[in-house]
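Step one of this worksheet: look at the structure below.
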Number of protein chains: 2
Amino acid sequence: MSERRITMADVARKAGVSSTTASFALAGRTDMRISDAARARVLEAAEELGYRPNVTARSLRTKSTQTIGLVSDRITTTPFAGDVIRGAMEAAREQDNLLFITEAGGDPAAESSLVHALLDRQVDALIYASMFTRYVTPPKELFGRRVVLLNCLAPGFAAPSVVPDEVEAGRDAARALLAAGHTEGIWAIGGHQALPATPEGIIAGNERMRGLEEVLREGGARLEGVVECDWGTPDGHREVTALLAQGHRPRALVCLNDRLSFGAYQALAEAGLSVPGDVSVISFDDQDIASVLRPALTTLRLPHYQLGRLAVELTLRGGPLEAVVHRVPMPLQERASIGAPATG
Amino acid sequence: MSERRITMADVARKAGVSSTTASFALAGRTDMRISDAARARVLEAAEELGYRPNVTARSLRTKSTQTIGLVSDRITTTPFAGDVIRGAMEAAREQDNLLFITEAGGDPAAESSLVHALLDRQVDALIYASMFTRYVTPPKELFGRRVVLLNCLAPGFAAPSVVPDEVEAGRDAARALLAAGHTEGIWAIGGHQALPATPEGIIAGNERMRGLEEVLREGGARLEGVVECDWGTPDGHREVTALLAQGHRPRALVCLNDRLSFGAYQALAEAGLSVPGDVSVISFDDQDIASVLRPALTTLRLPHYQLGRLAVELTLRGGPLEAVVHRVPMPLQERASIGAPATG
DNA sequence: CCCACTTGCTAATCCGATTTAACAAGCTGG
DNA sequence: CCAGCTTGTTAAATCGGATTAGCAAGTGGG
C-alpha cells in the first residue's frame, strides 16, 4: 500500500542485537534474560524508527489475529445496527481488537460464505447477530467455533446468547403505569403474536406482554384489551383509530414498540385526544423518534450499545464460552407521555 | 480458535505433488506448466479435504490482505451509518474483500490510533468517512496511503471524495415546487448557515440553498423568506410556529432536512393547517420518518448506500487514486406532501 | 584449577502461503 | 549421437514476526 514498513529486523539492527532479543524486549517479556541496556536500546530504536509490528505476520505464528468477525442478518433497515456496532467496536478496541462487520441479508448461502471469509482471515471469534430478537439456526460453519449469539437464541447450539431482558421490561412498563395510578382502561397495541406476522413479535412481543400482564395482575389492574397487529406506524394509526371508532375510551396505551406509538399518537391527535391528558402512552425500543414526538414518549429502551459491548466482552474473556443466556436490562426512559388517569 | 485447519501442504500431499504445484494449480495460474492430470488431482484433493486458504499467511507474502478499513467519526446518532456500511460492505464482498469498521467519535487521538490499528493489519486501503458532509483534516497517518474520503472534503489532501450532489438536490427541490405550480409564499426553513450552529449546514445547507435559489429564480419564482435555525425537530416546530404567529401564511415550506420537516408538520397541525392542502412541504435526507409521516413526506434522498458502495469501488479499482470529487445524485422520493398552491 | 551455574544473547525453526530458480526426462534437429 | 529445447515438477527462499534450543562468557565454590 505504500513505502516499505520498518520491520523488527530493522529495529534489531539499529539496536545492535538479534531479532530474538528485539522481539522479547518489544513484547516486554521477562522469561528470557535481557540486560537493561539492551532492552533500552531496542525500545529506543523502535521509537526512533517508528516501528509498528505487522499484526498479520505475527498472527501467522501466534494464531491470534486480534480480530473479531460479526455476521448479521441486516445492519440497515433498523436503528438497531449503529449502536450495536459501536458498542461492539468500543469493547473490541479497549483490548486492541478490531471488528469485521458483515451482513448476510438473511440469506443462508451468503451467511456461509461470509463466515468462511471471516475464518479465512483467522478471526479469533465470531458474533452472530440478529437485528431483532429471535430464534436462529446458525450456519454449520459456526459449529465448534468461538461464537457469541447477539440478540438471538439458538437452542441446541452451544454458545452464549446476549439478549434484552424483555420480560422485565414488560414488568417495568406495568410498574410505570401503576405508579401513575392506572388500573383501568389499559390497552396493549401489538400484543400477543399467535400467528406472528411481525417476526419481532415472536420473542419481544410475547415476553413484553408476559411481564406486563404479570405485574398488572399483581397490582390489581388488568388489561382491558389486547389488539393484535403488525408493528409499523400505519398499523398503530389504523388500529387505534378503529379502537376509538368502536367506542372504546382507553386511558392508557401500551404500544409494543415506538412505531406503533407514533401511529397511535397520530390517531389520538386526529380524534382530538391529548397525550397524556386523555390517554397515557408507554412504549418499547426508544428509537430516535421517541424523544422528538410531542409529548416526548416514555419508553423502555433496547440496550443496543450494551448488547454489542457485552457480546464482544464475552468473546474476549479467556476460557471457553458457556452456553448461557445473558439478559441485558432495558432501562426506562421517562419522558412525558404518562400522566394520571383521565377522570370521568 | 479450533482444530487444525487443512493447509496447502495437506492438499499437496494428498494429491501427490509438491506444494508449489498445489499453489499454482489452486490459483489457476498457467504461467507455470502443470499437467491436466496433476491439476485435477490437486483440485480434487482440495475439494475433498475442504481446503480453505489462510488469507493471513497469504498476505504476508503477497502484501494484499483483501481487507479495507473504514474510519468514521460516528456510526451511530445518525441513520446515515447503516446504509453506508451496507453499501461499502456489499461492494467489498463482490470482490472478496472484507471491511473493518471503526469509529473515532471525532477524537483525533482515537483516529490516529485506529488508523494505526488498521495499518498494522495491513489493510489494502482506507476509507475516511464523516457522517455529514463537511471539510475535514485527515490524520497525518493517512498521508501517502490509499485513501478515499467518504462524505467529506479535504482540500490539499490528495484523495478522491465521494459526496452527495447537494446543489443538484436543491435544484430538484425547486423543480418539484415549480412543477406543482408554486411561485409564491415559498419559505426555506433552516437555510443559510452564516454562523453554522449546525455543522451539517455548512456544506449541505448552503449547497441545497444554492441550487434551490438558482432554479426558483430561473423559474420566475422566489423565496419569500429564509429562516435560519438548527436542524432538529424542536427547531422546526418552534420556527414554523413563530412564522405563523407573525402572520405569515406560507404556501410551501422547503425544510432543509427531515427532522425540520417533522417539526414543521407538528407546528402546522397545531395551527390547524393541512399538508399539502394548505401548505406543501419538501424536504431533504429521506430518513425513516419521512415515509411514515402523515402525509408521507416528499424528500430528496441522501444516497447513503451508493456513497458507501462507490467509496469501496474506488479503492478496489486498480491504479492510483485521483483526487476527484465524485458527486452522487440524490433521488427525489415523491410522496404526498406537495400539492397545488392553496388559493386565496 | 575445574566444574556447575548464572547471565545475556543468538542461530535456527516455524507459521502457511507465494514465488524464484533450477532440474530431470523426453524430444528434436543437425 | 549430442546439444538444445520442451514439458512437468520441485527445492528453496521469502514475508515478518514468535519461539525453542543452545552457546559463550563470567562467577563462585570446593
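Simple scheme: letters A, B, ... for chains in C-alpha cells order, numbers from 1 for residues in each chain, numbers from 1 for ligands in the order shown.
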
Specify as a PyMOL selection string all residues of chain C found within 9 Å of chain A, counting only C-alpha atoms (C1' of nucleotides).
chain C and resi 7-10+14-16

Residues at most 9 Å from A:Leu150, counting only C-alpha atoms (C1' of nucleotides), excluding those fewer than 3 positions away in the same chain, as a list in words?
Ser72, Ile127, Tyr128, Ala129, Ser130, Met131, Thr133, Leu153, Pro160, Ser161, Val162, Val163, Leu307, Gly308, Leu310 and Ala311 of chain A

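Every chain B residue lying within 6 Å of chain A, based on only C-alpha atoms, is listed here: Met1, Asn54, Val55, Thr56, Ala57, Leu60, Ile75, Thr76, Gly82, Asp83, Leu99, Phe100, Asp120, Arg121 and Asp124 of chain B.
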
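Picture a line from atom CA of B:Pro341 to atom CA of B:Arg301; it runs 23.5 Å.
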
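Within 8 Å of chain B, counting only C-alpha atoms (C1' of nucleotides), chain D contributes DT7, DG8, DT9, DT10, DT14, DC15 and DG16 of chain D.
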
Pull N, CA and C atoms (P, O5', C5', C4', C3', O3' and C1' of nucleotides) from the residues just selected and write them as a compact mmCIF listing (two decimals), in the first residue's frame.
# COMPACT_ATOMS: atom_id res chain seq x y z
P DT D 7 6.07 -27.26 -24.81
O5' DT D 7 6.16 -28.27 -23.59
C5' DT D 7 6.35 -29.66 -23.84
C4' DT D 7 6.35 -30.43 -22.53
C3' DT D 7 5.33 -29.94 -21.51
O3' DT D 7 4.60 -31.07 -21.05
C1' DT D 7 7.45 -30.12 -20.52
P DG D 8 3.32 -30.89 -20.11
O5' DG D 8 4.02 -31.19 -18.71
C5' DG D 8 4.58 -32.49 -18.49
C4' DG D 8 5.17 -32.54 -17.10
C3' DG D 8 4.25 -32.03 -15.98
O3' DG D 8 4.19 -33.04 -14.98
C1' DG D 8 6.37 -31.01 -15.82
P DT D 9 3.29 -32.86 -13.67
O5' DT D 9 4.40 -32.39 -12.64
C5' DT D 9 5.57 -33.22 -12.52
C4' DT D 9 6.61 -32.56 -11.67
C3' DT D 9 6.11 -32.01 -10.35
O3' DT D 9 6.56 -32.85 -9.31
C1' DT D 9 7.75 -30.60 -11.38
P DT D 10 6.16 -32.55 -7.81
O5' DT D 10 7.53 -31.94 -7.28
C5' DT D 10 8.76 -32.59 -7.59
C4' DT D 10 9.91 -31.75 -7.12
C3' DT D 10 9.78 -31.25 -5.68
O3' DT D 10 11.05 -31.34 -5.06
C1' DT D 10 10.14 -29.43 -7.10
P DT D 14 16.03 -15.30 0.50
O5' DT D 14 14.48 -14.92 0.66
C5' DT D 14 13.69 -14.70 -0.50
C4' DT D 14 12.30 -14.26 -0.08
C3' DT D 14 12.29 -13.46 1.24
O3' DT D 14 11.68 -12.22 1.01
C1' DT D 14 10.68 -15.21 1.27
P DC D 15 11.99 -10.99 2.03
O5' DC D 15 10.54 -10.68 2.60
C5' DC D 15 9.39 -10.69 1.77
C4' DC D 15 8.15 -10.82 2.63
C3' DC D 15 8.42 -10.35 4.06
O3' DC D 15 7.77 -9.12 4.31
C1' DC D 15 7.28 -12.48 4.01
P DG D 16 8.63 -8.03 5.16
O5' DG D 16 8.23 -8.40 6.66
C5' DG D 16 6.90 -8.17 7.09
C4' DG D 16 6.73 -8.75 8.46
C3' DG D 16 7.76 -8.27 9.49
O3' DG D 16 7.08 -8.08 10.72
C1' DG D 16 7.77 -10.60 9.44

Based on DSSP run over this structure's backbone, return all residues of stretch 68-153 of chain B in alpha helix (DSSP H), as an NGL selection string.
:B and (80-93 or 108-120)

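Candidate residues D:DA21, D:DG26, D:DG4, D:DA13 were compared for distance to C:DA11, and the nearest is D:DA21, using only C-alpha atoms (C1' of nucleotides).
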
Here is a test: counting only C-alpha atoms (C1' of nucleotides), which residue of A:His248, A:Glu218, A:Thr7, A:Val275 is nearest to D:DG17?
A:Thr7

I need the residues in stretch 33-233 of chain B that are strand (DSSP E) according to DSSP; give them as number ranges by chain.
B: 67-72, 98-103, 125-135, 147-153, 161-164, 186-189, 223-227

I'd like the neighbourhood of stretch 41-44 of chain B as an NGL selection string, where a residue qualifies if any of its atoms comes within 8 Å (using only C-alpha atoms (C1' of nucleotides)), though same-chain residues fewer than 6 positions away should be ignored.
:B and (11-12 or 14-15 or 17 or 22 or 25-26)

Prev. selection, N, CA and C atoms, output as a compact mmCIF listing (two decimals), in the first residue's frame:
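Result written to part25.txt:
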# COMPACT_ATOMS: atom_id res chain seq x y z
N VAL B 11 -3.05 -30.66 1.18
CA VAL B 11 -3.62 -30.87 -0.15
C VAL B 11 -2.55 -31.44 -1.08
N ALA B 12 -1.38 -30.82 -1.05
CA ALA B 12 -0.29 -31.26 -1.93
C ALA B 12 0.05 -32.73 -1.66
N LYS B 14 -1.80 -35.05 -0.33
CA LYS B 14 -2.86 -35.95 -0.77
C LYS B 14 -2.88 -36.10 -2.30
N ALA B 15 -2.53 -35.02 -2.99
CA ALA B 15 -2.55 -35.07 -4.45
C ALA B 15 -1.24 -35.65 -4.99
N VAL B 17 1.74 -34.19 -5.00
CA VAL B 17 2.57 -33.20 -5.71
C VAL B 17 3.25 -32.30 -4.68
N ALA B 22 0.74 -27.43 -6.08
CA ALA B 22 -0.58 -27.22 -5.50
C ALA B 22 -0.94 -25.74 -5.52
N ALA B 25 -1.75 -24.65 -9.05
CA ALA B 25 -2.98 -25.27 -9.51
C ALA B 25 -4.18 -24.58 -8.87
N LEU B 26 -4.10 -24.38 -7.56
CA LEU B 26 -5.23 -23.77 -6.85
C LEU B 26 -5.45 -22.32 -7.28

Interatomic distance between atom CA of A:Pro320 and atom CA of A:Glu166?
27.0 Å
